[in-house]
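**Q** Hey, dropping final-v4.cif in here, mmCIF, C-alpha atoms:
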```cif
data_entry
loop_
_atom_site.label_atom_id
_atom_site.label_comp_id
_atom_site.auth_asym_id
_atom_site.auth_seq_id
_atom_site.Cartn_x
_atom_site.Cartn_y
_atom_site.Cartn_z
CA MET A 1 -122.40 -151.11 156.90
CA SER A 2 -123.32 -153.29 153.91
CA ALA A 3 -124.37 -152.15 150.46
CA ARG A 4 -127.71 -153.90 151.04
CA LEU A 5 -128.36 -151.89 154.21
CA LEU A 6 -127.47 -148.66 152.43
CA ALA A 7 -129.88 -149.51 149.60
CA VAL A 8 -132.68 -149.95 152.14
CA LEU A 9 -131.86 -146.60 153.75
CA VAL A 10 -131.83 -144.90 150.34
CA LEU A 11 -135.25 -146.33 149.51
CA LEU A 12 -136.63 -145.20 152.86
CA LEU A 13 -135.35 -141.68 152.30
CA ALA A 14 -136.72 -141.57 148.78
CA SER A 15 -140.14 -142.91 149.71
CA GLY A 16 -140.48 -140.61 152.73
CA ALA A 17 -139.02 -137.47 151.19
CA GLN A 18 -141.01 -134.31 151.66
CA ALA A 19 -139.86 -130.85 150.58
CA ARG A 20 -139.23 -128.51 153.48
CA ASP A 21 -140.49 -124.94 153.22
CA GLY A 22 -138.14 -123.40 155.77
CA ARG A 23 -134.82 -123.59 153.88
CA LEU A 24 -134.00 -122.43 150.37
CA LEU A 25 -133.35 -124.94 147.60
CA ALA A 26 -129.71 -126.15 147.52
CA THR A 27 -128.81 -124.64 150.93
CA GLY A 28 -128.13 -128.14 152.29
CA GLY A 29 -125.37 -128.53 149.72
CA ALA A 30 -124.42 -131.89 148.27
CA SER A 31 -122.77 -134.92 149.91
CA GLN A 32 -119.02 -134.70 150.25
CA LEU A 33 -116.86 -137.80 149.59
CA GLU A 34 -116.50 -138.46 153.31
CA GLY A 35 -120.25 -138.21 153.98
CA ALA A 36 -120.61 -134.66 155.32
CA ALA A 37 -122.78 -131.99 153.72
CA GLY A 38 -120.86 -129.64 151.46
CA GLY A 39 -119.22 -129.80 148.06
CA GLY A 40 -117.68 -132.87 146.47
CA ILE A 41 -114.25 -132.82 148.11
CA VAL A 42 -114.71 -130.15 150.80
CA PRO A 43 -117.14 -130.13 153.76
CA TRP A 44 -119.10 -126.89 154.23
CA ALA A 45 -120.61 -125.44 157.40
CA VAL A 46 -124.11 -126.36 156.16
CA LEU A 47 -125.85 -129.45 157.56
CA ALA A 48 -127.42 -132.30 155.59
CA GLY A 49 -131.05 -132.13 154.54
CA TYR A 50 -133.62 -129.34 154.60
CA GLY A 51 -134.87 -129.47 158.18
CA THR A 52 -135.19 -126.19 160.09
CA ARG A 53 -134.56 -125.65 163.81
CA ASP A 54 -137.91 -127.37 164.49
CA GLN A 55 -137.35 -130.25 162.05
CA ASP A 56 -134.97 -133.10 161.32
CA GLY A 57 -133.58 -133.86 157.87
CA GLY A 58 -131.37 -136.36 156.11
CA THR A 59 -129.60 -137.49 152.97
CA ALA A 60 -128.33 -140.61 151.23
CA PHE A 61 -125.71 -140.48 148.48
CA TYR A 62 -123.63 -142.41 145.99
CA THR A 63 -120.51 -140.97 144.30
CA ARG A 64 -118.17 -142.31 141.63
CA VAL A 65 -114.78 -140.84 140.68
CA ASP A 66 -112.81 -142.42 137.82
CA THR A 67 -109.37 -141.28 136.66
CA GLY A 68 -108.70 -144.19 134.34
CA ASP A 69 -105.90 -145.57 136.52
CA TYR A 70 -108.00 -145.59 139.70
CA ALA A 71 -111.66 -145.49 140.65
CA LEU A 72 -113.33 -144.47 143.90
CA ASP A 73 -116.86 -145.39 144.97
CA ALA A 74 -118.35 -143.71 148.03
CA PHE A 75 -121.80 -144.08 149.54
CA GLY A 76 -123.47 -143.24 152.82
CA VAL A 77 -126.17 -141.51 154.81
CA ALA A 78 -126.43 -138.44 157.02
CA TYR A 79 -129.06 -137.24 159.48
CA THR A 80 -129.45 -133.76 160.97
CA PHE A 81 -131.25 -133.00 164.21
CA ARG A 82 -133.02 -129.61 164.36
CA ASN A 83 -130.50 -128.00 162.00
CA ARG A 84 -127.94 -128.22 164.80
CA LEU A 85 -126.18 -131.60 164.76
CA GLU A 86 -125.34 -133.72 161.72
CA LEU A 87 -124.33 -137.39 162.06
CA SER A 88 -122.99 -139.25 159.01
CA LEU A 89 -121.78 -142.69 158.01
CA ALA A 90 -119.95 -143.44 154.76
CA ARG A 91 -117.95 -146.19 153.12
CA GLN A 92 -115.31 -145.72 150.44
CA ARG A 93 -113.91 -148.35 148.08
CA PHE A 94 -110.75 -147.37 146.19
CA ASP A 95 -110.05 -149.62 143.19
CA LEU A 96 -106.26 -149.89 142.79
CA GLY A 97 -106.66 -150.55 139.06
CA GLU A 98 -103.46 -149.80 137.15
CA LEU A 99 -101.24 -149.90 140.27
CA GLN A 100 -102.43 -153.41 141.10
CA ARG A 101 -101.76 -154.56 137.54
CA ARG A 102 -98.29 -152.98 137.32
CA LEU A 103 -97.04 -154.33 140.64
CA SER A 104 -99.08 -157.57 140.73
CA LEU A 105 -100.37 -156.63 144.16
CA PRO A 106 -102.38 -159.21 146.10
CA TRP A 107 -104.94 -156.47 146.86
CA ASP A 108 -107.28 -155.01 144.24
CA ALA A 109 -108.96 -152.37 146.43
CA LEU A 110 -108.77 -150.43 149.68
CA GLU A 111 -111.86 -149.78 151.79
CA GLN A 112 -112.58 -147.56 154.76
CA ASP A 113 -115.53 -146.58 156.93
CA ILE A 114 -116.01 -142.97 158.01
CA PHE A 115 -118.06 -141.92 161.03
CA GLY A 116 -118.79 -138.21 161.04
CA ALA A 117 -120.38 -135.55 163.22
CA LYS A 118 -120.82 -131.83 162.60
CA LEU A 119 -122.14 -129.22 165.04
CA ARG A 120 -123.43 -125.83 163.93
CA LEU A 121 -121.82 -123.37 166.31
CA ALA A 122 -123.24 -120.04 165.16
CA GLY A 123 -124.72 -118.10 162.29
CA ASP A 124 -126.80 -119.05 159.29
CA LEU A 125 -125.84 -119.51 155.65
CA VAL A 126 -128.43 -116.92 154.52
CA TYR A 127 -130.15 -115.09 157.37
CA THR A 128 -127.30 -113.65 159.46
CA PRO A 129 -124.71 -111.06 158.39
CA TRP A 130 -121.88 -113.34 159.57
CA PRO A 131 -121.15 -116.81 158.11
CA GLN A 132 -122.50 -120.07 159.38
CA LEU A 133 -119.77 -121.70 161.48
CA SER A 134 -119.59 -125.45 162.13
CA LEU A 135 -117.16 -127.79 163.86
CA GLY A 136 -116.82 -131.31 162.48
CA VAL A 137 -115.02 -134.59 163.12
CA GLN A 138 -114.48 -137.56 160.81
CA HIS A 139 -113.22 -140.82 162.32
CA LYS A 140 -111.80 -143.13 159.64
CA ARG A 141 -111.08 -146.86 159.87
CA LEU A 142 -109.48 -148.98 157.15
CA ARG A 143 -111.04 -152.39 156.68
CA ASP A 144 -107.70 -153.94 155.68
CA ALA A 145 -104.57 -151.94 156.47
CA ALA A 146 -101.91 -154.39 155.20
CA LEU A 147 -100.95 -152.35 152.13
CA PRO A 148 -100.95 -148.86 153.77
CA LEU A 149 -98.86 -150.13 156.69
CA ALA A 150 -96.46 -151.84 154.29
CA VAL A 151 -95.74 -148.57 152.43
CA GLY A 152 -95.05 -146.57 155.59
CA ALA A 153 -98.33 -145.52 157.21
CA ARG A 154 -98.21 -145.49 161.01
CA ASP A 155 -101.86 -146.21 161.82
CA ASP A 156 -104.88 -147.86 160.23
CA ARG A 157 -107.30 -145.36 161.76
CA GLY A 158 -107.43 -141.70 162.65
CA THR A 159 -109.67 -138.72 163.28
CA ASP A 160 -109.84 -135.47 161.31
CA VAL A 161 -111.14 -132.32 163.01
CA TYR A 162 -112.28 -129.37 160.91
CA LEU A 163 -113.81 -125.93 161.26
CA SER A 164 -115.90 -124.59 158.36
CA ALA A 165 -117.34 -121.14 157.65
CA SER A 166 -119.89 -120.74 154.84
CA LYS A 167 -121.84 -117.72 153.59
CA LEU A 168 -124.32 -117.22 150.74
CA PHE A 169 -124.28 -113.65 149.40
CA LEU A 170 -127.67 -113.00 147.81
CA ALA A 171 -126.38 -110.02 145.80
CA GLY A 172 -123.04 -111.23 144.51
CA PRO A 173 -121.13 -110.21 141.37
CA GLY A 174 -123.40 -109.61 138.40
CA GLY A 175 -126.41 -109.75 140.66
CA ARG A 176 -126.06 -113.51 141.12
CA GLN A 177 -125.90 -115.36 144.42
CA LEU A 178 -122.37 -116.30 145.52
CA LEU A 179 -121.43 -118.97 148.05
CA LEU A 180 -118.01 -118.91 149.71
CA ASN A 181 -116.68 -121.57 152.08
CA SER A 182 -113.41 -121.92 154.00
CA THR A 183 -112.42 -125.02 155.96
CA LEU A 184 -109.42 -125.60 158.21
CA ARG A 185 -108.67 -129.28 158.86
CA SER A 186 -106.35 -130.94 161.36
CA THR A 187 -105.41 -134.33 159.93
CA ARG A 188 -102.87 -137.15 159.69
CA ALA A 189 -104.74 -138.87 156.83
CA ASN A 190 -102.91 -140.07 153.72
CA GLN A 191 -105.10 -139.76 150.61
CA MET A 192 -108.16 -139.08 152.77
CA GLY A 193 -107.24 -142.05 155.01
CA LEU A 194 -107.26 -144.69 152.27
CA LEU A 195 -103.47 -145.02 152.70
CA GLY A 196 -103.65 -144.90 156.47
CA HIS A 197 -102.61 -142.11 158.85
CA GLY A 198 -99.19 -140.63 159.50
CA GLY A 199 -96.09 -141.88 157.76
CA ASP A 200 -92.36 -142.40 157.64
CA ARG A 201 -91.86 -138.81 156.45
CA ASP A 202 -94.15 -137.12 158.98
CA GLY A 203 -96.20 -138.79 161.68
CA GLY A 204 -97.80 -135.71 163.24
CA ARG A 205 -100.85 -133.65 162.45
CA SER A 206 -101.01 -131.10 159.64
CA LEU A 207 -103.27 -128.05 159.51
CA VAL A 208 -104.54 -127.78 155.92
CA PHE A 209 -106.84 -125.38 154.07
CA GLU A 210 -109.86 -126.28 151.97
CA GLY A 211 -112.01 -123.82 150.05
CA SER A 212 -115.04 -123.60 147.78
CA ALA A 213 -116.64 -120.89 145.67
CA ALA A 214 -119.93 -121.33 143.82
CA VAL A 215 -122.20 -119.14 141.72
CA VAL A 216 -125.94 -119.79 141.78
CA LEU A 217 -127.07 -119.36 138.17
CA ASN A 218 -130.68 -119.86 139.22
CA PRO A 219 -132.30 -121.74 142.11
CA ARG A 220 -131.68 -125.10 140.41
CA TRP A 221 -128.22 -124.74 138.83
CA VAL A 222 -124.92 -124.05 140.60
CA LEU A 223 -121.38 -123.76 139.18
CA GLY A 224 -118.34 -123.91 141.40
CA LEU A 225 -114.68 -124.59 142.12
CA GLU A 226 -113.04 -126.40 145.03
CA TYR A 227 -109.53 -126.75 146.40
CA ARG A 228 -108.27 -129.14 149.08
CA GLN A 229 -104.76 -128.96 150.49
CA LYS A 230 -103.27 -132.32 151.55
CA PRO A 231 -100.55 -133.44 153.97
CA ASP A 232 -97.52 -135.26 152.54
CA ASN A 233 -96.58 -137.95 155.06
CA LEU A 234 -95.38 -140.94 153.01
CA GLY A 235 -91.88 -141.21 151.60
CA PHE A 236 -92.70 -143.67 148.80
CA ALA A 237 -95.06 -141.26 146.99
CA GLY A 238 -95.82 -137.55 147.14
CA GLU A 239 -99.34 -136.31 147.77
CA ASP A 240 -100.76 -133.31 145.90
CA ALA A 241 -103.61 -130.91 146.56
CA TRP A 242 -107.00 -131.76 145.01
CA MET A 243 -109.08 -129.45 142.83
CA ASP A 244 -112.36 -129.71 140.97
CA ALA A 245 -114.79 -127.71 138.87
CA PHE A 246 -118.41 -128.76 139.29
CA VAL A 247 -121.95 -128.18 138.14
CA ALA A 248 -124.82 -129.11 140.47
CA TRP A 249 -128.48 -129.55 139.54
CA PHE A 250 -131.21 -129.34 142.20
CA PRO A 251 -134.52 -130.10 140.42
CA ASN A 252 -136.28 -130.12 143.81
CA LYS A 253 -135.50 -130.58 147.51
CA ASN A 254 -135.48 -134.36 147.20
CA VAL A 255 -132.80 -134.85 144.54
CA ALA A 256 -129.39 -133.38 143.72
CA LEU A 257 -127.02 -134.40 140.94
CA VAL A 258 -123.41 -133.18 140.83
CA ALA A 259 -120.97 -133.63 137.94
CA ALA A 260 -117.35 -132.46 138.12
CA TRP A 261 -113.92 -132.67 136.57
CA ALA A 262 -111.40 -133.46 139.28
CA ASP A 263 -107.62 -133.06 139.35
CA LEU A 264 -106.22 -135.28 142.10
CA GLY A 265 -102.53 -134.93 141.22
CA SER A 266 -100.25 -137.84 142.06
CA ILE A 267 -101.69 -140.85 143.88
CA ALA A 268 -99.47 -143.74 145.04
CA THR A 269 -96.71 -143.04 142.43
CA LEU A 270 -99.09 -142.54 139.48
CA ASP A 271 -99.07 -138.89 138.35
CA GLY A 272 -101.71 -136.85 136.54
CA GLN A 273 -104.78 -138.41 138.11
CA ARG A 274 -107.64 -136.49 136.52
CA GLY A 275 -111.13 -137.63 135.69
CA GLY A 276 -114.88 -137.39 136.03
CA TYR A 277 -116.90 -137.15 139.23
CA LEU A 278 -120.61 -137.96 139.45
CA SER A 279 -122.73 -137.91 142.59
CA LEU A 280 -126.42 -138.54 143.29
CA GLN A 281 -128.02 -137.36 146.54
CA LEU A 282 -131.50 -137.96 147.92
CA SER A 283 -132.67 -135.52 150.61
CA TYR A 284 -135.59 -134.71 152.84
#
```
Kindly return the structure encoded in the file as structure tokens.
**A**
Amino acid sequence: MSARLLAVLVLLLASGAQARDGRLLATGGASQLEGAAGGGIVPWAVLAGYGTRDQDGGTAFYTRVDTGDYALDAFGVAYTFRNRLELSLARQRFDLGELQRRLSLPWDALEQDIFGAKLRLAGDLVYTPWPQLSLGVQHKRLRDAALPLAVGARDDRGTDVYLSASKLFLAGPGGRQLLLNSTLRSTRANQMGLLGHGGDRDGGRSLVFEGSAAVVLNPRWVLGLEYRQKPDNLGFAGEDAWMDAFVAWFPNKNVALVAAWADLGSIATLDGQRGGYLSLQLSY
């Protein structure tokens, strides 16, 4: 998937975007770093776009995270069929920045492609008393695995499987709407897969927890927090949980803008990786 192809897809989505009447504003969420619908770092049970059970919908996104030492660019597209099945495709480019300069590495970036699918199993975010429940998979492939394999990763590709439950409470604390999401993920991925899968410390799968909580200030503004537990497979560097605090703006059903402050802990021996997160999503 080239950047030129993605740009064409983004333009097609933008030019053909039409607001859907069947789903409430913001109920498609934003685009998660790995391409699925949800928050910034955590997939939710919601599906991309605003299509109802009689309609299709889709999104295109671009996200930038910059900690000063490292930078991550992610972009991709997702398409949902009849509010039942979401298919997504994303590419990530991780700029090694300070690590490359300190160690004089022959690589300046790591890249991976992510192929995703998410199936809504039961429930609805708003209209059922029980949460919406979705099962997802994310297959990840590094484009050049020389560095991850050199530092102890066992594989250059792997597949995450996750189960998400999401519910929007229309009468939450203070009379505001409250969204809660819980995700359980089975994974071998190191730093989301950018440092390969499995390692010299632990080569098997880990079951990790991811969660989100968001308050809807009004139909267009949302404030929230996210947490993502991580496996710790590589001996050369510990891996910490990720957290962020975000604000999302949904001016209409075609555009979403998310800004966040992210704490990513230690990444590849460099501690205290914190910085800004900015994401633009186009939907229909």
**Q** Just want the 9 Å neighbourhood of Val42 (chain A), counted on only C-alpha atoms, with same-chain residues fewer than 4 positions away dropped. Output as a PDB file with C-alpha atoms, in the frame of the given file.
**A**
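Wrote around22.pdb, looks like this:
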```pdb
ATOM      1  CA  GLN A  32    -119.020-134.700 150.250  1.00  0.00           C
ATOM      2  CA  LEU A  33    -116.860-137.800 149.590  1.00  0.00           C
ATOM      3  CA  GLU A  34    -116.500-138.460 153.310  1.00  0.00           C
ATOM      4  CA  ALA A  36    -120.610-134.660 155.320  1.00  0.00           C
ATOM      5  CA  ALA A  37    -122.780-131.990 153.720  1.00  0.00           C
ATOM      6  CA  GLY A  38    -120.860-129.640 151.460  1.00  0.00           C
ATOM      7  CA  ASN A 181    -116.680-121.570 152.080  1.00  0.00           C
ATOM      8  CA  SER A 182    -113.410-121.920 154.000  1.00  0.00           C
ATOM      9  CA  THR A 183    -112.420-125.020 155.960  1.00  0.00           C
ATOM     10  CA  GLU A 210    -109.860-126.280 151.970  1.00  0.00           C
ATOM     11  CA  GLY A 211    -112.010-123.820 150.050  1.00  0.00           C
ATOM     12  CA  SER A 212    -115.040-123.600 147.780  1.00  0.00           C
ATOM     13  CA  GLU A 226    -113.040-126.400 145.030  1.00  0.00           C
ATOM     14  CA  TYR A 227    -109.530-126.750 146.400  1.00  0.00           C
ATOM     15  CA  ARG A 228    -108.270-129.140 149.080  1.00  0.00           C
TER      16      ARG A 228
END
```
**Q** Quick one: residues within 9 Å of Arg154 (chain A), all atoms listed in the file counted, chain neighbours fewer than 2 positions away excluded, as a list in words?
**A**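 Non-adjacent residues within range: Pro148, Leu149, Gly152, Asp156, Gly196, His197, Gly198, Gly199, Asp200 and Gly203 of chain A.
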**Q** Would you kindly translate the PyMOL selection byres ((chain A and resi 213) around 6) into the concrete residues it picks from this file, as an mmCIF file with C-alpha atoms, in the coordinates of the input?
**A**
```
data_model
loop_
_atom_site.group_PDB
_atom_site.id
_atom_site.type_symbol
_atom_site.label_atom_id
_atom_site.label_comp_id
_atom_site.auth_asym_id
_atom_site.auth_seq_id
_atom_site.Cartn_x
_atom_site.Cartn_y
_atom_site.Cartn_z
ATOM 1 C CA LEU A 179 -121.430 -118.970 148.050
ATOM 2 C CA LEU A 180 -118.010 -118.910 149.710
ATOM 3 C CA SER A 212 -115.040 -123.600 147.780
ATOM 4 C CA ALA A 214 -119.930 -121.330 143.820
ATOM 5 C CA GLY A 224 -118.340 -123.910 141.400
ATOM 6 C CA LEU A 225 -114.680 -124.590 142.120
#
```
**Q** If we draw a sphere of 7 Å around (-112.7, -146.3, 142.1), which residues have at least one atom in it when counting only C-alpha atoms? Please report them as a PyMOL selection string.
**A** chain A and resi 64-66+70-73+93-95
**Q** Would you save the residues from that selection as a compact mmCIF listing (two decimals), in the coordinates of the input, using C-alpha atoms?
**A**
```
# COMPACT_ATOMS: atom_id res chain seq x y z
CA ARG A 64 -118.17 -142.31 141.63
CA VAL A 65 -114.78 -140.84 140.68
CA ASP A 66 -112.81 -142.42 137.82
CA TYR A 70 -108.00 -145.59 139.70
CA ALA A 71 -111.66 -145.49 140.65
CA LEU A 72 -113.33 -144.47 143.90
CA ASP A 73 -116.86 -145.39 144.97
CA ARG A 93 -113.91 -148.35 148.08
CA PHE A 94 -110.75 -147.37 146.19
CA ASP A 95 -110.05 -149.62 143.19
```
**Q** Which of these residues is nearest to Asp271 (chain A), using all atoms listed in the file: A:Ala248, A:Gly49, A:Gly238, A:Gly29?
**A** A:Gly238
**Q** For region 207-228 of chain A of the block above, can you save N, CA and C atoms as a PDB file, in the first residue's frame?
**A**
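Contents of part_28.pdb, as written:
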```pdb
ATOM      1  N   LEU A 207      -2.042 -12.527  27.355  1.00  0.00           N
ATOM      2  CA  LEU A 207      -3.390 -11.977  27.380  1.00  0.00           C
ATOM      3  C   LEU A 207      -3.320 -10.656  28.129  1.00  0.00           C
ATOM      4  N   VAL A 208      -3.587  -9.552  27.437  1.00  0.00           N
ATOM      5  CA  VAL A 208      -3.428  -8.221  28.019  1.00  0.00           C
ATOM      6  C   VAL A 208      -4.749  -7.470  27.985  1.00  0.00           C
ATOM      7  N   PHE A 209      -4.872  -6.502  28.889  1.00  0.00           N
ATOM      8  CA  PHE A 209      -6.093  -5.703  29.024  1.00  0.00           C
ATOM      9  C   PHE A 209      -5.885  -4.313  28.437  1.00  0.00           C
ATOM     10  N   GLU A 210      -6.931  -3.811  27.785  1.00  0.00           N
ATOM     11  CA  GLU A 210      -6.944  -2.450  27.275  1.00  0.00           C
ATOM     12  C   GLU A 210      -8.285  -1.820  27.618  1.00  0.00           C
ATOM     13  N   GLY A 211      -8.282  -0.571  28.031  1.00  0.00           N
ATOM     14  CA  GLY A 211      -9.531   0.055  28.438  1.00  0.00           C
ATOM     15  C   GLY A 211      -9.607   1.518  28.043  1.00  0.00           C
ATOM     16  N   SER A 212     -10.837   2.006  27.903  1.00  0.00           N
ATOM     17  CA  SER A 212     -11.098   3.399  27.561  1.00  0.00           C
ATOM     18  C   SER A 212     -12.307   3.894  28.331  1.00  0.00           C
ATOM     19  N   ALA A 213     -12.281   5.163  28.694  1.00  0.00           N
ATOM     20  CA  ALA A 213     -13.429   5.829  29.295  1.00  0.00           C
ATOM     21  C   ALA A 213     -13.500   7.229  28.712  1.00  0.00           C
ATOM     22  N   ALA A 214     -14.685   7.635  28.277  1.00  0.00           N
ATOM     23  CA  ALA A 214     -14.835   8.940  27.634  1.00  0.00           C
ATOM     24  C   ALA A 214     -16.148   9.586  28.053  1.00  0.00           C
ATOM     25  N   VAL A 215     -16.100  10.882  28.246  1.00  0.00           N
ATOM     26  CA  VAL A 215     -17.280  11.680  28.589  1.00  0.00           C
ATOM     27  C   VAL A 215     -17.640  12.542  27.382  1.00  0.00           C
ATOM     28  N   VAL A 216     -18.900  12.483  26.987  1.00  0.00           N
ATOM     29  CA  VAL A 216     -19.392  13.285  25.868  1.00  0.00           C
ATOM     30  C   VAL A 216     -19.862  14.618  26.429  1.00  0.00           C
ATOM     31  N   LEU A 217     -19.075  15.674  26.202  1.00  0.00           N
ATOM     32  CA  LEU A 217     -19.434  16.991  26.725  1.00  0.00           C
ATOM     33  C   LEU A 217     -20.659  17.544  26.017  1.00  0.00           C
ATOM     34  N   ASN A 218     -20.689  17.342  24.701  1.00  0.00           N
ATOM     35  CA  ASN A 218     -21.844  17.645  23.860  1.00  0.00           C
ATOM     36  C   ASN A 218     -21.678  16.785  22.615  1.00  0.00           C
ATOM     37  N   PRO A 219     -22.609  16.780  21.690  1.00  0.00           N
ATOM     38  CA  PRO A 219     -22.483  15.848  20.560  1.00  0.00           C
ATOM     39  C   PRO A 219     -21.197  15.970  19.752  1.00  0.00           C
ATOM     40  N   ARG A 220     -20.486  17.097  19.857  1.00  0.00           N
ATOM     41  CA  ARG A 220     -19.297  17.305  19.031  1.00  0.00           C
ATOM     42  C   ARG A 220     -17.972  17.189  19.782  1.00  0.00           C
ATOM     43  N   TRP A 221     -18.001  17.228  21.107  1.00  0.00           N
ATOM     44  CA  TRP A 221     -16.756  17.213  21.880  1.00  0.00           C
ATOM     45  C   TRP A 221     -16.753  16.054  22.873  1.00  0.00           C
ATOM     46  N   VAL A 222     -15.631  15.317  22.884  1.00  0.00           N
ATOM     47  CA  VAL A 222     -15.482  14.156  23.753  1.00  0.00           C
ATOM     48  C   VAL A 222     -14.119  14.223  24.446  1.00  0.00           C
ATOM     49  N   LEU A 223     -14.110  13.976  25.764  1.00  0.00           N
ATOM     50  CA  LEU A 223     -12.874  13.891  26.536  1.00  0.00           C
ATOM     51  C   LEU A 223     -12.714  12.473  27.045  1.00  0.00           C
ATOM     52  N   GLY A 224     -11.480  11.946  27.043  1.00  0.00           N
ATOM     53  CA  GLY A 224     -11.334  10.580  27.496  1.00  0.00           C
ATOM     54  C   GLY A 224      -9.929  10.199  27.924  1.00  0.00           C
ATOM     55  N   LEU A 225      -9.843   8.993  28.496  1.00  0.00           N
ATOM     56  CA  LEU A 225      -8.594   8.393  28.932  1.00  0.00           C
ATOM     57  C   LEU A 225      -8.513   6.982  28.370  1.00  0.00           C
ATOM     58  N   GLU A 226      -7.272   6.531  28.091  1.00  0.00           N
ATOM     59  CA  GLU A 226      -7.066   5.172  27.608  1.00  0.00           C
ATOM     60  C   GLU A 226      -5.868   4.535  28.297  1.00  0.00           C
ATOM     61  N   TYR A 227      -5.930   3.222  28.387  1.00  0.00           N
ATOM     62  CA  TYR A 227      -4.833   2.444  28.979  1.00  0.00           C
ATOM     63  C   TYR A 227      -4.655   1.189  28.140  1.00  0.00           C
ATOM     64  N   ARG A 228      -3.397   0.838  27.870  1.00  0.00           N
ATOM     65  CA  ARG A 228      -3.107  -0.368  27.088  1.00  0.00           C
ATOM     66  C   ARG A 228      -1.955  -1.138  27.734  1.00  0.00           C
TER      67      ARG A 228
END
```
